[in-house]
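Heads up, start04.cif below (mmCIF, C-alpha atoms):
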```cif
data_run
#
loop_
_atom_site.group_PDB
_atom_site.id
_atom_site.type_symbol
_atom_site.label_atom_id
_atom_site.label_comp_id
_atom_site.auth_asym_id
_atom_site.auth_seq_id
_atom_site.Cartn_x
_atom_site.Cartn_y
_atom_site.Cartn_z
ATOM 1 C CA MET A 1 -28.911 15.808 21.100
ATOM 2 C CA ILE A 2 -30.735 12.556 20.341
ATOM 3 C CA LYS A 3 -28.055 11.785 17.750
ATOM 4 C CA LYS A 4 -25.337 12.153 20.387
ATOM 5 C CA ALA A 5 -27.188 10.023 22.901
ATOM 6 C CA PHE A 6 -27.622 7.374 20.202
ATOM 7 C CA THR A 7 -23.890 7.463 19.426
ATOM 8 C CA PHE A 8 -23.009 6.969 23.102
ATOM 9 C CA LEU A 9 -25.545 4.155 23.352
ATOM 10 C CA MET A 10 -23.950 2.417 20.347
ATOM 11 C CA LEU A 11 -20.447 2.874 21.774
ATOM 12 C CA GLY A 12 -21.589 1.548 25.152
ATOM 13 C CA GLY A 13 -23.152 -1.499 23.527
ATOM 14 C CA LEU A 14 -19.993 -2.190 21.517
ATOM 15 C CA GLY A 15 -17.890 -1.817 24.678
ATOM 16 C CA ALA A 16 -20.127 -4.240 26.582
ATOM 17 C CA MET A 17 -19.752 -6.811 23.805
ATOM 18 C CA LEU A 18 -15.954 -6.460 23.708
ATOM 19 C CA LEU A 19 -15.622 -6.437 27.519
ATOM 20 C CA ASN A 20 -16.295 -10.158 27.526
ATOM 21 C CA PHE A 21 -13.288 -10.801 25.266
ATOM 22 C CA ILE A 22 -10.996 -8.592 27.353
ATOM 23 C CA LEU A 23 -11.976 -10.279 30.620
ATOM 24 C CA SER A 24 -11.467 -13.765 29.185
ATOM 25 C CA PHE A 25 -8.100 -12.871 27.591
ATOM 26 C CA ARG A 26 -5.114 -14.833 28.812
ATOM 27 C CA GLU A 27 -1.615 -14.453 27.475
ATOM 28 C CA ARG A 28 -0.481 -17.562 25.619
ATOM 29 C CA THR A 29 2.483 -19.402 27.059
ATOM 30 C CA ALA A 30 2.763 -21.907 24.197
ATOM 31 C CA LEU A 31 2.261 -21.581 20.440
ATOM 32 C CA PRO A 32 -0.987 -22.888 18.977
ATOM 33 C CA GLU A 33 -0.672 -26.200 17.174
ATOM 34 C CA VAL A 34 -0.631 -24.821 13.613
ATOM 35 C CA ALA A 35 1.983 -22.148 14.405
ATOM 36 C CA ALA A 36 4.179 -24.722 16.133
ATOM 37 C CA HIS A 37 4.008 -26.879 13.008
ATOM 38 C CA TYR A 38 5.000 -23.942 10.767
ATOM 39 C CA ILE A 39 8.010 -23.110 12.956
ATOM 40 C CA GLU A 40 9.240 -26.648 13.624
ATOM 41 C CA LYS A 41 8.565 -28.301 10.277
ATOM 42 C CA GLY A 42 8.443 -25.287 7.938
ATOM 43 C CA PRO A 43 12.155 -24.931 7.095
ATOM 44 C CA ALA A 44 12.549 -28.684 6.491
ATOM 45 C CA GLU A 45 9.339 -29.008 4.473
ATOM 46 C CA LEU A 46 9.580 -25.964 2.232
ATOM 47 C CA GLY A 47 13.252 -24.974 2.459
ATOM 48 C CA SER A 48 12.572 -21.282 3.137
ATOM 49 C CA ALA A 49 14.836 -19.570 5.686
ATOM 50 C CA ASN A 50 12.208 -16.882 6.353
ATOM 51 C CA ILE A 51 9.308 -18.660 8.056
ATOM 52 C CA VAL A 52 6.976 -15.699 7.502
ATOM 53 C CA THR A 53 7.517 -16.085 3.745
ATOM 54 C CA SER A 54 6.837 -19.828 3.827
ATOM 55 C CA VAL A 55 3.521 -19.093 5.560
ATOM 56 C CA VAL A 56 2.567 -16.200 3.273
ATOM 57 C CA VAL A 57 3.481 -17.818 -0.057
ATOM 58 C CA THR A 58 2.824 -21.524 0.509
ATOM 59 C CA TYR A 59 0.939 -22.519 3.673
ATOM 60 C CA ARG A 60 -1.481 -19.571 3.329
ATOM 61 C CA GLY A 61 -0.848 -19.018 -0.374
ATOM 62 C CA LEU A 62 -4.526 -18.862 -1.231
ATOM 63 C CA ASP A 63 -4.959 -15.853 1.092
ATOM 64 C CA THR A 64 -2.096 -14.108 -0.704
ATOM 65 C CA LEU A 65 -3.736 -14.799 -4.063
ATOM 66 C CA GLY A 66 -6.886 -13.217 -2.644
ATOM 67 C CA GLU A 67 -4.966 -10.127 -1.499
ATOM 68 C CA VAL A 68 -3.361 -9.743 -4.916
ATOM 69 C CA THR A 69 -6.810 -10.026 -6.498
ATOM 70 C CA ILE A 70 -8.224 -7.299 -4.229
ATOM 71 C CA LEU A 71 -5.299 -4.996 -5.076
ATOM 72 C CA PHE A 72 -5.880 -5.702 -8.774
ATOM 73 C CA ALA A 73 -9.583 -4.822 -8.466
ATOM 74 C CA ALA A 74 -8.766 -1.577 -6.629
ATOM 75 C CA ALA A 75 -6.168 -0.541 -9.232
ATOM 76 C CA ALA A 76 -8.556 -1.394 -12.067
ATOM 77 C CA VAL A 77 -11.358 0.741 -10.583
ATOM 78 C CA VAL A 78 -9.041 3.725 -9.982
ATOM 79 C CA GLY A 79 -7.806 3.451 -13.568
ATOM 80 C CA LEU A 80 -11.340 3.165 -14.959
ATOM 81 C CA LEU A 81 -12.790 6.115 -13.000
ATOM 82 C CA ILE A 82 -9.901 8.440 -13.785
ATOM 83 C CA HIS A 83 -9.482 7.509 -17.444
ATOM 84 C CA LEU A 84 -13.134 8.236 -18.158
ATOM 85 C CA ASN A 85 -12.581 11.979 -17.817
ATOM 86 C CA ARG A 86 -8.938 12.422 -18.610
ATOM 87 C CA ASN A 87 -7.511 15.701 -19.841
ATOM 88 C CA GLU A 88 -4.502 15.002 -22.075
ATOM 89 C CA ASN A 89 -3.538 18.606 -22.822
ATOM 90 C CA ALA A 90 -3.029 19.962 -19.317
ATOM 91 C CA VAL A 91 0.473 21.254 -18.543
ATOM 92 C CA ARG A 92 1.751 21.320 -14.991
ATOM 93 C CA ARG A 93 4.628 23.056 -13.265
ATOM 94 C CA GLU A 94 7.815 20.962 -13.400
ATOM 95 C CA GLY A 95 9.618 19.886 -10.233
ATOM 96 C CA SER A 96 12.636 21.860 -9.060
ATOM 97 C CA GLU A 97 16.110 21.208 -10.483
ATOM 98 C CA ILE A 98 17.208 19.541 -7.227
ATOM 99 C CA LEU A 99 14.230 17.166 -7.231
ATOM 100 C CA LYS A 100 14.723 16.288 -10.914
ATOM 101 C CA THR A 101 18.444 15.548 -10.529
ATOM 102 C CA ALA A 102 17.940 13.577 -7.328
ATOM 103 C CA SER A 103 15.116 11.510 -8.777
ATOM 104 C CA ALA A 104 17.122 10.689 -11.909
ATOM 105 C CA LEU A 105 19.955 9.524 -9.653
ATOM 106 C CA LEU A 106 17.791 7.610 -7.166
ATOM 107 C CA PHE A 107 15.279 5.995 -9.552
ATOM 108 C CA PRO A 108 17.500 3.062 -10.665
ATOM 109 C CA LEU A 109 18.820 2.545 -7.128
ATOM 110 C CA ILE A 110 15.326 2.350 -5.609
ATOM 111 C CA LEU A 111 14.210 -0.015 -8.407
ATOM 112 C CA MET A 112 17.199 -2.242 -7.693
ATOM 113 C CA PHE A 113 16.454 -2.221 -3.956
ATOM 114 C CA GLY A 114 12.831 -3.206 -4.643
ATOM 115 C CA ALA A 115 14.004 -6.096 -6.832
ATOM 116 C CA TYR A 116 16.477 -7.123 -4.104
ATOM 117 C CA VAL A 117 13.704 -7.154 -1.496
ATOM 118 C CA PHE A 118 11.402 -9.446 -3.488
ATOM 119 C CA LEU A 119 14.174 -11.721 -4.788
ATOM 120 C CA ASN A 120 15.419 -12.303 -1.222
ATOM 121 C CA GLY A 121 11.945 -12.713 0.267
ATOM 122 C CA HIS A 122 12.674 -16.302 1.289
ATOM 123 C CA LEU A 123 15.975 -15.376 2.987
ATOM 124 C CA SER A 124 15.533 -11.983 4.649
ATOM 125 C CA PRO A 125 12.584 -9.839 5.796
ATOM 126 C CA GLY A 126 10.518 -8.524 2.920
ATOM 127 C CA GLY A 127 8.882 -10.030 -0.105
ATOM 128 C CA GLY A 128 6.650 -9.369 -3.078
ATOM 129 C CA PHE A 129 4.354 -6.777 -1.499
ATOM 130 C CA GLN A 130 7.167 -4.814 0.134
ATOM 131 C CA GLY A 131 9.342 -4.933 -2.996
ATOM 132 C CA GLY A 132 6.415 -3.869 -5.171
ATOM 133 C CA ALA A 133 5.645 -0.932 -2.868
ATOM 134 C CA ILE A 134 9.306 0.165 -2.981
ATOM 135 C CA ILE A 135 9.246 0.069 -6.810
ATOM 136 C CA ALA A 136 6.034 2.132 -6.789
ATOM 137 C CA SER A 137 7.693 4.706 -4.514
ATOM 138 C CA ALA A 138 10.416 5.113 -7.176
ATOM 139 C CA VAL A 139 7.636 5.863 -9.680
ATOM 140 C CA VAL A 140 6.124 8.402 -7.231
ATOM 141 C CA LEU A 141 9.484 10.183 -7.141
ATOM 142 C CA THR A 142 9.734 10.488 -10.950
ATOM 143 C CA VAL A 143 6.101 11.583 -11.197
ATOM 144 C CA LEU A 144 6.739 14.336 -8.621
ATOM 145 C CA ALA A 145 9.900 15.466 -10.420
ATOM 146 C CA SER A 146 8.456 15.644 -13.945
ATOM 147 C CA PRO A 147 4.640 15.555 -13.793
ATOM 148 C CA ASN A 148 4.220 16.247 -17.531
ATOM 149 C CA ARG A 149 6.113 13.201 -18.747
ATOM 150 C CA LYS A 150 3.755 10.739 -20.415
ATOM 151 C CA ILE A 151 4.233 7.255 -18.982
ATOM 152 C CA GLY A 152 2.525 4.564 -21.004
ATOM 153 C CA HIS A 153 0.118 2.232 -19.272
ATOM 154 C CA THR A 154 0.645 -0.456 -21.924
ATOM 155 C CA VAL A 155 3.948 -1.794 -20.565
ATOM 156 C CA LEU A 156 2.638 -1.738 -17.001
ATOM 157 C CA SER A 157 -0.553 -3.592 -17.854
ATOM 158 C CA VAL A 158 1.341 -6.190 -19.927
ATOM 159 C CA ILE A 159 3.743 -6.871 -17.007
ATOM 160 C CA GLU A 160 0.788 -6.977 -14.626
ATOM 161 C CA SER A 161 -1.247 -9.430 -16.733
ATOM 162 C CA ILE A 162 1.658 -11.764 -17.485
ATOM 163 C CA SER A 163 2.780 -12.006 -13.859
ATOM 164 C CA GLY A 164 -0.777 -12.508 -12.631
ATOM 165 C CA LEU A 165 -1.413 -15.303 -15.155
ATOM 166 C CA ALA A 166 1.937 -16.949 -14.423
ATOM 167 C CA TYR A 167 1.230 -16.825 -10.672
ATOM 168 C CA VAL A 168 -2.091 -18.659 -11.059
ATOM 169 C CA ALA A 169 -0.623 -21.095 -13.619
ATOM 170 C CA LEU A 170 2.273 -22.026 -11.300
ATOM 171 C CA GLY A 171 -0.168 -22.436 -8.425
ATOM 172 C CA ALA A 172 -2.353 -24.720 -10.512
ATOM 173 C CA ALA A 173 0.742 -26.703 -11.583
ATOM 174 C CA GLY A 174 1.312 -27.565 -7.914
ATOM 175 C CA ALA A 175 -2.158 -29.049 -7.720
ATOM 176 C CA LEU A 176 -2.183 -30.781 -11.126
ATOM 177 C CA LEU A 177 1.378 -32.048 -11.698
ATOM 178 C CA VAL A 178 2.546 -33.027 -8.223
ATOM 179 C CA ALA A 179 -0.852 -33.245 -6.567
ATOM 180 C CA ASN A 180 0.460 -31.813 -3.298
ATOM 181 C CA GLY A 181 -2.043 -28.993 -3.477
ATOM 182 C CA PHE A 182 -2.661 -25.568 -4.992
ATOM 183 C CA LEU A 183 0.392 -23.242 -4.777
ATOM 184 C CA ASP A 184 2.720 -25.973 -3.516
ATOM 185 C CA ASN A 185 6.334 -24.823 -3.918
ATOM 186 C CA ARG A 186 7.917 -28.254 -4.300
ATOM 187 C CA ILE A 187 7.272 -28.786 -8.007
ATOM 188 C CA ILE A 188 10.925 -27.830 -8.618
ATOM 189 C CA PRO A 189 13.859 -28.979 -6.436
ATOM 190 C CA LEU A 190 14.151 -27.165 -3.103
ATOM 191 C CA GLY A 191 17.890 -26.500 -3.510
ATOM 192 C CA GLU A 192 20.359 -25.800 -0.737
ATOM 193 C CA PHE A 193 18.776 -24.220 2.358
ATOM 194 C CA GLY A 194 19.625 -20.535 2.771
ATOM 195 C CA THR A 195 20.912 -19.812 -0.761
ATOM 196 C CA LEU A 196 19.296 -17.531 -3.340
ATOM 197 C CA PHE A 197 18.147 -20.425 -5.532
ATOM 198 C CA SER A 198 16.324 -22.383 -2.855
ATOM 199 C CA ALA A 199 12.833 -22.911 -1.450
ATOM 200 C CA GLY A 200 11.474 -24.213 -4.762
ATOM 201 C CA LEU A 201 8.848 -21.940 -6.299
ATOM 202 C CA ILE A 202 8.852 -19.322 -3.512
ATOM 203 C CA PRO A 203 11.362 -16.868 -5.087
ATOM 204 C CA ILE A 204 9.654 -17.213 -8.488
ATOM 205 C CA ILE A 205 6.192 -16.577 -7.038
ATOM 206 C CA TYR A 206 7.487 -13.656 -4.965
ATOM 207 C CA THR A 207 9.127 -12.153 -8.057
ATOM 208 C CA LEU A 208 5.805 -12.402 -9.905
ATOM 209 C CA ILE A 209 3.935 -10.857 -6.940
ATOM 210 C CA GLY A 210 6.550 -8.096 -6.721
ATOM 211 C CA LEU A 211 6.189 -7.238 -10.435
ATOM 212 C CA LYS A 212 2.390 -7.383 -10.190
ATOM 213 C CA VAL A 213 2.099 -5.224 -7.061
ATOM 214 C CA GLY A 214 4.738 -2.799 -8.354
ATOM 215 C CA SER A 215 3.011 -2.292 -11.706
ATOM 216 C CA GLU A 216 -0.453 -2.009 -10.091
ATOM 217 C CA LEU A 217 0.578 0.585 -7.504
ATOM 218 C CA SER A 218 2.578 2.491 -10.135
ATOM 219 C CA SER A 219 -0.405 2.629 -12.467
ATOM 220 C CA VAL A 220 -2.577 3.922 -9.587
ATOM 221 C CA VAL A 221 -0.042 6.691 -8.931
ATOM 222 C CA ILE A 222 0.264 7.570 -12.638
ATOM 223 C CA SER A 223 -3.529 7.628 -13.025
ATOM 224 C CA LEU A 224 -3.987 9.898 -10.008
ATOM 225 C CA ASN A 225 -1.254 12.226 -11.238
ATOM 226 C CA GLY A 226 -2.994 12.866 -14.576
ATOM 227 C CA GLU A 227 -5.204 15.927 -14.978
ATOM 228 C CA THR A 228 -8.935 15.326 -15.142
ATOM 229 C CA ILE A 229 -11.513 17.368 -17.009
ATOM 230 C CA GLU A 230 -13.747 19.262 -14.594
ATOM 231 C CA GLU A 231 -17.369 18.172 -14.452
ATOM 232 C CA ASP A 232 -18.666 21.595 -15.494
ATOM 233 C CA ASP A 233 -16.693 21.655 -18.759
ATOM 234 C CA GLN A 234 -18.296 18.570 -20.211
ATOM 235 C CA MET B 235 13.254 -1.511 25.474
ATOM 236 C CA GLU B 236 10.007 -1.457 27.446
ATOM 237 C CA ILE B 237 10.304 2.333 27.952
ATOM 238 C CA LEU B 238 11.093 2.944 24.261
ATOM 239 C CA PHE B 239 8.076 0.831 23.351
ATOM 240 C CA LEU B 240 5.807 2.885 25.636
ATOM 241 C CA ILE B 241 7.139 6.231 24.356
ATOM 242 C CA ILE B 242 6.598 5.271 20.718
ATOM 243 C CA SER B 243 3.149 3.844 21.507
ATOM 244 C CA VAL B 244 2.187 7.202 23.044
ATOM 245 C CA PHE B 245 3.534 9.014 19.947
ATOM 246 C CA THR B 246 1.490 6.696 17.700
ATOM 247 C CA VAL B 247 -1.713 7.487 19.589
ATOM 248 C CA ILE B 248 -0.968 11.241 19.699
ATOM 249 C CA THR B 249 -0.318 11.465 15.920
ATOM 250 C CA ALA B 250 -3.432 9.382 15.212
ATOM 251 C CA LEU B 251 -5.579 11.718 17.352
ATOM 252 C CA THR B 252 -3.930 14.740 15.683
ATOM 253 C CA ALA B 253 -4.918 13.353 12.282
ATOM 254 C CA LEU B 254 -8.529 13.216 13.453
ATOM 255 C CA ALA B 255 -8.700 16.509 15.356
ATOM 256 C CA VAL B 256 -6.802 18.940 13.102
ATOM 257 C CA LYS B 257 -8.893 21.118 10.745
ATOM 258 C CA ASP B 258 -6.185 21.558 8.076
ATOM 259 C CA ARG B 259 -6.318 18.601 5.652
ATOM 260 C CA VAL B 260 -2.593 18.723 4.815
ATOM 261 C CA VAL B 261 -1.572 18.504 8.491
ATOM 262 C CA SER B 262 -4.077 15.698 8.956
ATOM 263 C CA VAL B 263 -2.594 13.627 6.103
ATOM 264 C CA LEU B 264 0.945 14.238 7.376
ATOM 265 C CA ALA B 265 -0.084 13.169 10.888
ATOM 266 C CA GLY B 266 -1.585 10.004 9.409
ATOM 267 C CA GLY B 267 1.738 9.277 7.691
ATOM 268 C CA ALA B 268 3.587 9.850 10.960
ATOM 269 C CA THR B 269 1.244 7.372 12.674
ATOM 270 C CA GLY B 270 2.259 4.748 10.100
ATOM 271 C CA LEU B 271 5.943 5.518 10.637
ATOM 272 C CA PHE B 272 5.702 5.143 14.440
ATOM 273 C CA ALA B 273 3.626 1.976 14.020
ATOM 274 C CA SER B 274 6.358 0.492 11.810
ATOM 275 C CA ILE B 275 8.942 1.209 14.547
ATOM 276 C CA LEU B 276 6.653 -0.607 16.989
ATOM 277 C CA PHE B 277 6.535 -3.596 14.628
ATOM 278 C CA ILE B 278 10.344 -3.695 14.522
ATOM 279 C CA ILE B 279 10.518 -3.633 18.333
ATOM 280 C CA MET B 280 8.011 -6.506 18.401
ATOM 281 C CA ALA B 281 10.333 -8.484 16.062
ATOM 282 C CA ALA B 282 8.076 -8.348 12.982
ATOM 283 C CA PRO B 283 10.350 -6.795 10.313
ATOM 284 C CA ASP B 284 8.195 -8.081 7.426
ATOM 285 C CA VAL B 285 5.142 -6.205 8.706
ATOM 286 C CA ALA B 286 7.283 -3.166 9.543
ATOM 287 C CA MET B 287 8.517 -2.932 5.937
ATOM 288 C CA THR B 288 4.971 -3.096 4.579
ATOM 289 C CA GLU B 289 3.730 -0.492 7.051
ATOM 290 C CA ALA B 290 6.612 1.889 6.299
ATOM 291 C CA ALA B 291 6.363 1.552 2.498
ATOM 292 C CA ILE B 292 2.575 1.470 2.083
ATOM 293 C CA GLY B 293 1.063 2.838 5.315
ATOM 294 C CA SER B 294 3.351 5.789 5.705
ATOM 295 C CA GLY B 295 4.839 6.333 2.222
ATOM 296 C CA LEU B 296 2.452 5.553 -0.637
ATOM 297 C CA THR B 297 -0.808 6.271 1.232
ATOM 298 C CA THR B 298 0.373 9.771 2.158
ATOM 299 C CA PHE B 299 1.268 10.550 -1.456
ATOM 300 C CA ILE B 300 -1.996 9.137 -2.795
ATOM 301 C CA PHE B 301 -3.864 11.318 -0.258
ATOM 302 C CA PHE B 302 -1.939 14.358 -1.524
ATOM 303 C CA PHE B 303 -2.748 13.541 -5.175
ATOM 304 C CA ALA B 304 -6.434 13.250 -4.198
ATOM 305 C CA LEU B 305 -6.298 16.465 -2.111
ATOM 306 C CA ARG B 306 -4.931 18.410 -5.073
ATOM 307 C CA LYS B 307 -7.920 17.365 -7.186
ATOM 308 C CA ILE B 308 -10.419 18.205 -4.408
ATOM 309 C CA ARG B 309 -8.840 21.590 -3.673
ATOM 310 C CA ARG B 310 -8.826 22.647 -7.327
ATOM 311 C CA ASN B 311 -12.525 21.818 -7.554
ATOM 312 C CA ASP B 312 -13.163 23.880 -4.384
ATOM 313 C CA GLN B 313 -11.338 26.895 -5.844
ATOM 314 C CA ASP B 314 -13.101 26.603 -9.199
ATOM 315 C CA HIS B 315 -16.509 26.594 -7.559
ATOM 316 C CA SER B 316 -15.791 29.558 -5.279
ATOM 317 C CA TYR B 317 -14.408 31.463 -8.285
ATOM 318 C CA LYS B 318 -17.526 30.774 -10.316
ATOM 319 C CA VAL B 319 -19.815 31.816 -7.461
ATOM 320 C CA SER B 320 -17.983 35.135 -6.979
ATOM 321 C CA GLU B 321 -17.996 35.704 -10.740
ATOM 322 C CA VAL B 322 -21.757 35.234 -10.879
ATOM 323 C CA THR B 323 -22.362 37.575 -7.944
ATOM 324 C CA ASN B 324 -20.093 40.213 -9.478
ATOM 325 C CA ARG B 325 -21.977 40.021 -12.763
ATOM 326 C CA SER B 326 -25.333 40.374 -11.046
ATOM 327 C CA ARG B 327 -23.998 43.423 -9.170
ATOM 328 C CA GLU B 328 -22.887 45.005 -12.436
ATOM 329 C CA ASN B 329 -26.309 44.403 -13.922
ATOM 330 C CA ASP B 330 -27.929 46.096 -10.942
#
```

Whole structure given in structure tokens:
Amino acid sequence: MIKKAFTFLMLGGLGAMLLNFILSFRERTALPEVAAHYIEKGPAELGSANIVTSVVVTYRGLDTLGEVTILFAAAAVVGLLIHLNRNENAVRREGSEILKTASALLFPLILMFGAYVFLNGHLSPGGGFQGGAIIASAVVLTVLASPNRKIGHTVLSVIESISGLAYVALGAAGALLVANGFLDNRIIPLGEFGTLFSAGLIPIIYTLIGLKVGSELSSVVISLNGETIEEDDQ
Amino acid sequence: MEILFLIISVFTVITALTALAVKDRVVSVLAGGATGLFASILFIIMAAPDVAMTEAAIGSGLTTFIFFFALRKIRRNDQDHSYKVSEVTNRSREND
């Protein structure tokens, strides 16, 4: 009873604090200064047709690096906790014939679509995170179809490490070589606006992010799929 | 467009509440995935296709599967424990 009263008291207090924000809310009629700069000057400055991408990869590139780091930490912890008590000998029921055939057929197509999404991140909606997630969903499909197949973590972790290192190195090159700032995309020519090879470093960085996110999410899925030894057996 | 937006918003809230209220874990996870799917449609209506793609791929696709992988591990532990408890009680009955 006291617990419930306390909960309602907390909720009421939170509501009273937020009420102030709701009452003072007014819909914006004009863009804030920074957003207006991104929209008006962005395409000319960075050469990316997708303004969202120019914000995510270059203007707010440091935030993206932070997000990639968080995802890396999460994947590393999942891998560590599950590998500690891993049961290599467990055998699981295979997926049905329909699922196996369909996944064999769809796996390369989904991989290709994921690569398309991150390669065209500066032209069309999508980018490294979305492409990486699509690649990981292809891995989910194969894992569901044949859960006993051993998929090595070595290749995944090599891809993950190389792309992560290259991402930071390219970002540092923007600060050191051209001195425009960390993660500046203009250290190589911008190219023709709206073509695949344009927007300077953006497609390269998005490819690296796509590979990194794809390999991290895939390794999470593969780790979770593996059998673990029960606590009581140890 | 306004009406479509409202309908899908209502669906998003209903599936989110279902995920919280339902006792069955499997239904709860599926309702959570459906919430992500409806939210991604809302993002498309609000002209944010980049966010919609992320929400559909991660929020509604991968998260649901990762929940199911985790559920399988939890459920097997549940069954093992109940089996062991019944085994112990049976043994003690035999001894009596």

Counting all atoms listed in the file, chain A residues within 7 Å of chain B, as a PyMOL selection string: chain A and resi 125-126+130+133-134+137+221+224-225

How many Å separate atom CA of A:Gly128 from atom CA of A:Tyr206? 4.8 Å

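In this comparison, which uses all atoms listed in the file, the residue of A:Met1, A:Ala35, A:Pro203, A:Phe129 approaching A:Glu67 most closely is A:Phe129.
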
For the atom pair atom CA of A:Ala75 and atom CA of A:Ser223, what is the interatomic distance in Å to one decimal place? 9.4 Å

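Selection result for the displayed file, with the PyMOL selection byres ((chain B and resi 260-262) around 12) as criterion, is B:Thr249, B:Ala250, B:Leu251, B:Thr252, B:Ala253, B:Leu254, B:Ala255, B:Val256, B:Lys257, B:Asp258, B:Arg259, B:Val263, B:Leu264, B:Ala265, B:Gly266, B:Gly267, B:Ala268, B:Thr269, B:Thr298, B:Phe299, B:Phe301, B:Phe302, B:Phe303, B:Ala304, B:Leu305, B:Arg306, B:Arg309.
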
If the PyMOL selection byres ((chain A and resi 62) around 12) is run on the structure shown, which residues does it catch, given as a ChimeraX atom specification? /A:55-61,63-69,167-168,171-172,181-184

Neighbours of point (1.4, -6.3, -16.3) within 12 Å, using only C-alpha atoms, written as a ChimeraX atom specification: /A:72,75-76,152-167,208-219

Would you put the residues from that selection into a file with C-alpha atoms, as a PDB file, in the coordinates of the input?
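File selection-v2.pdb, as written:
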```
ATOM      1  CA  PHE A  72      -5.880  -5.702  -8.774  1.00  0.00           C
ATOM      2  CA  ALA A  75      -6.168  -0.541  -9.232  1.00  0.00           C
ATOM      3  CA  ALA A  76      -8.556  -1.394 -12.067  1.00  0.00           C
ATOM      4  CA  GLY A 152       2.525   4.564 -21.004  1.00  0.00           C
ATOM      5  CA  HIS A 153       0.118   2.232 -19.272  1.00  0.00           C
ATOM      6  CA  THR A 154       0.645  -0.456 -21.924  1.00  0.00           C
ATOM      7  CA  VAL A 155       3.948  -1.794 -20.565  1.00  0.00           C
ATOM      8  CA  LEU A 156       2.638  -1.738 -17.001  1.00  0.00           C
ATOM      9  CA  SER A 157      -0.553  -3.592 -17.854  1.00  0.00           C
ATOM     10  CA  VAL A 158       1.341  -6.190 -19.927  1.00  0.00           C
ATOM     11  CA  ILE A 159       3.743  -6.871 -17.007  1.00  0.00           C
ATOM     12  CA  GLU A 160       0.788  -6.977 -14.626  1.00  0.00           C
ATOM     13  CA  SER A 161      -1.247  -9.430 -16.733  1.00  0.00           C
ATOM     14  CA  ILE A 162       1.658 -11.764 -17.485  1.00  0.00           C
ATOM     15  CA  SER A 163       2.780 -12.006 -13.859  1.00  0.00           C
ATOM     16  CA  GLY A 164      -0.777 -12.508 -12.631  1.00  0.00           C
ATOM     17  CA  LEU A 165      -1.413 -15.303 -15.155  1.00  0.00           C
ATOM     18  CA  ALA A 166       1.937 -16.949 -14.423  1.00  0.00           C
ATOM     19  CA  TYR A 167       1.230 -16.825 -10.672  1.00  0.00           C
ATOM     20  CA  LEU A 208       5.805 -12.402  -9.905  1.00  0.00           C
ATOM     21  CA  ILE A 209       3.935 -10.857  -6.940  1.00  0.00           C
ATOM     22  CA  GLY A 210       6.550  -8.096  -6.721  1.00  0.00           C
ATOM     23  CA  LEU A 211       6.189  -7.238 -10.435  1.00  0.00           C
ATOM     24  CA  LYS A 212       2.390  -7.383 -10.190  1.00  0.00           C
ATOM     25  CA  VAL A 213       2.099  -5.224  -7.061  1.00  0.00           C
ATOM     26  CA  GLY A 214       4.738  -2.799  -8.354  1.00  0.00           C
ATOM     27  CA  SER A 215       3.011  -2.292 -11.706  1.00  0.00           C
ATOM     28  CA  GLU A 216      -0.453  -2.009 -10.091  1.00  0.00           C
ATOM     29  CA  LEU A 217       0.578   0.585  -7.504  1.00  0.00           C
ATOM     30  CA  SER A 218       2.578   2.491 -10.135  1.00  0.00           C
ATOM     31  CA  SER A 219      -0.405   2.629 -12.467  1.00  0.00           C
TER      32      SER A 219
END
```

Name the residues captured by the PyMOL selection byres ((chain A and resi 147) around 9) when it is applied to the shown file; answer as a PyMOL selection string. chain A and resi 91-95+142-146+148-150+225-226

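In this model, the gap between atom CA of A:Leu71 and atom CA of A:Thr207 comes to 16.4 Å.
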
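Of the listed residues B:Ile242, B:Ile308, B:Ala273, B:Ile279, the one whose atoms come nearest to B:Ser294 is B:Ala273, with distances taken using all atoms listed in the file.
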
Excluding same-chain residues fewer than 5 positions from A:Gly194, what lies within 12 Å of it counting all atoms listed in the file, as a PyMOL selection string? chain A and resi 43-44+46-51+120-124+199-200+203

Kindly provide, as AutoDock Vina command-line options, the centre and edge lengths (Å, one decimal) of an axis-aligned box around all atoms of stretch 32-39 of chain A given in the file, with 3 Å on each side.
```
--center_x 3.5 --center_y -24.5 --center_z 14.9 --size_x 15.0 --size_y 10.7 --size_z 14.2
```

Among A:Ala173, A:Ile39, A:Leu196, A:Leu84, A:Leu119 is approached most closely, using only C-alpha atoms, by A:Leu196
